[in-house]
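These notes concern the structure reproduced below.
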Amino acid sequence: MEGAAPLDLVGVDPEAERAYRHLLARGAGTVDDVAAEFGMTYPEGLVLLERLHGFGLVSRRTSGEFQTVDPRHALRVLVESRERQLASVRETAGSLGAIFDAAKRAGSGSQGTMVISGPETVGDRYYRLKQAARTEICCLDRPPFLLVPNGPIDEAAVGRGVRVRAVYAAASFAADGEWGELGSLVSRGEEARIAPTLPIKLTMADRAAAMVSLSLDPGNTECLYTESPPLLEALVELFERYWAAASPLAGTPGPGEPRPSAADPAVEGRRPTDEERNLLALFAAGVKDEAIARQFGISSRTLRRRIQDLYAELGTTSRFGAGVAAARRNWV
C-alpha cells in the first residue's frame, strides 16, 4: 500500500525507511545527497544516515559515502532481534498468568487479595502501601499515569532507610517534565533504571504487599491488591527480571552494586558524566531523539551536538556502537 512503512515493525521509523529506499535505488549516497533529497540540513541528514547505520542497513565508507547493505541479510538480522524481544515477552506469561489467576480468585474472597478500582480508593491504598514500607519499595512504572506525582512519599521512604528501586518504561519520558521529576528523585536516593517496555504497572512494599494494574486503558483504575505469598513470589521474580535487564540512570549504585574501580583494567580513562550515562540508558531503551531533547530541556540541534560529542568520545558513529563501546569501558 502506498505510504505504508512496513519496516516500522522492526523499529525502523518511516523517515529512516524512506531514506533507505532512496539509497537502495542508488546503491550508496552521501549526507549531502540525502539532505538535498529530503530538504534537510547537513546535521539532520547525518543523524538520519547514522540511524540507518545503527540499524545495520548501511555501512560507512572512508570516503564519507554510506553504502546500502543487502536487505535480505540486514532485515533478517532486525527480524531476529525483534523475535528475541518477543520471546522475552512470552517468558513473562507464567508470572502474568499468576496475576490473572489471583484476580479470578479475588472474587471468591481469597484472603489478602482483592480487586479495587476508582481513583480515590486506588490512590489511598497506593499511598498507604508506600508509607507502610520499612525496608524496600519496588516499582515498575509506565503510562498511562492515573495518580499525582509521589516524590515526597518516596523521598520520605529513602529518608527512613527504605531502598526504593524503580524501572521506568521508555514511554514514561514522552511527557514534559517527567525527566526533571525523576532526576530529582534519583538525587535524593531513588535507584532508577529504564527499559524499552513494561507489561504492567507494579508497586510492591517489603515483598509483603503489592498493587498490580489489571488494565492499561487510560482512565481505567482497576488493579489488584495482594498479600498472597505465592503471588508475591511471582511478582518479585518478574520485577527482578526487568530490573536486571534495564539500563541504570545516573545516580549512586544501590546496595550490592559495585562501583567500578579506577584500577580495574576494564575501565579505560575517565568515568562517564551523568549526562553521558543517561544518554546511553535512553539509547538502550529506544527513546527517540525528540523525546530525549524535550526531557533534557534542550533543542534538537543541541542534542545532536551532544550525541556527536558522545560518539566521538566512544569512537563510534551509532547508538549500537556507543552501547558496545560503553560496555567495554564499563560505563554501563
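FYI, nothing fancy with the C-alpha cells labels: chains A, B, ... in order, residues from 1 per chain, ligands from 1 as they appear.
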
DSSP strand (DSSP E or B) selection over region 38-124 of chain A, as a ChimeraX atom specification = /A:58-60,66-68,113-116

Would you mind listing what lies within 6 Å of region 157-167 of chain A as a PyMOL selection string, with only C-alpha atoms counted and same-chain residues fewer than 3 positions away left out?
-> chain A and resi 134-140+154+190-194

Counting only C-alpha atoms, which of A:Lys288, A:Pro43, A:Leu310, A:Leu202 gets nearest to Leu214 (chain A)?
->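 The closest residue to Leu214 (chain A) is A:Leu202.
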
Would you mind reading off the distance between CA of Ser213 (chain A) and CA of Phe239 (chain A), one decimal, in Å?
-> 13.8 Å
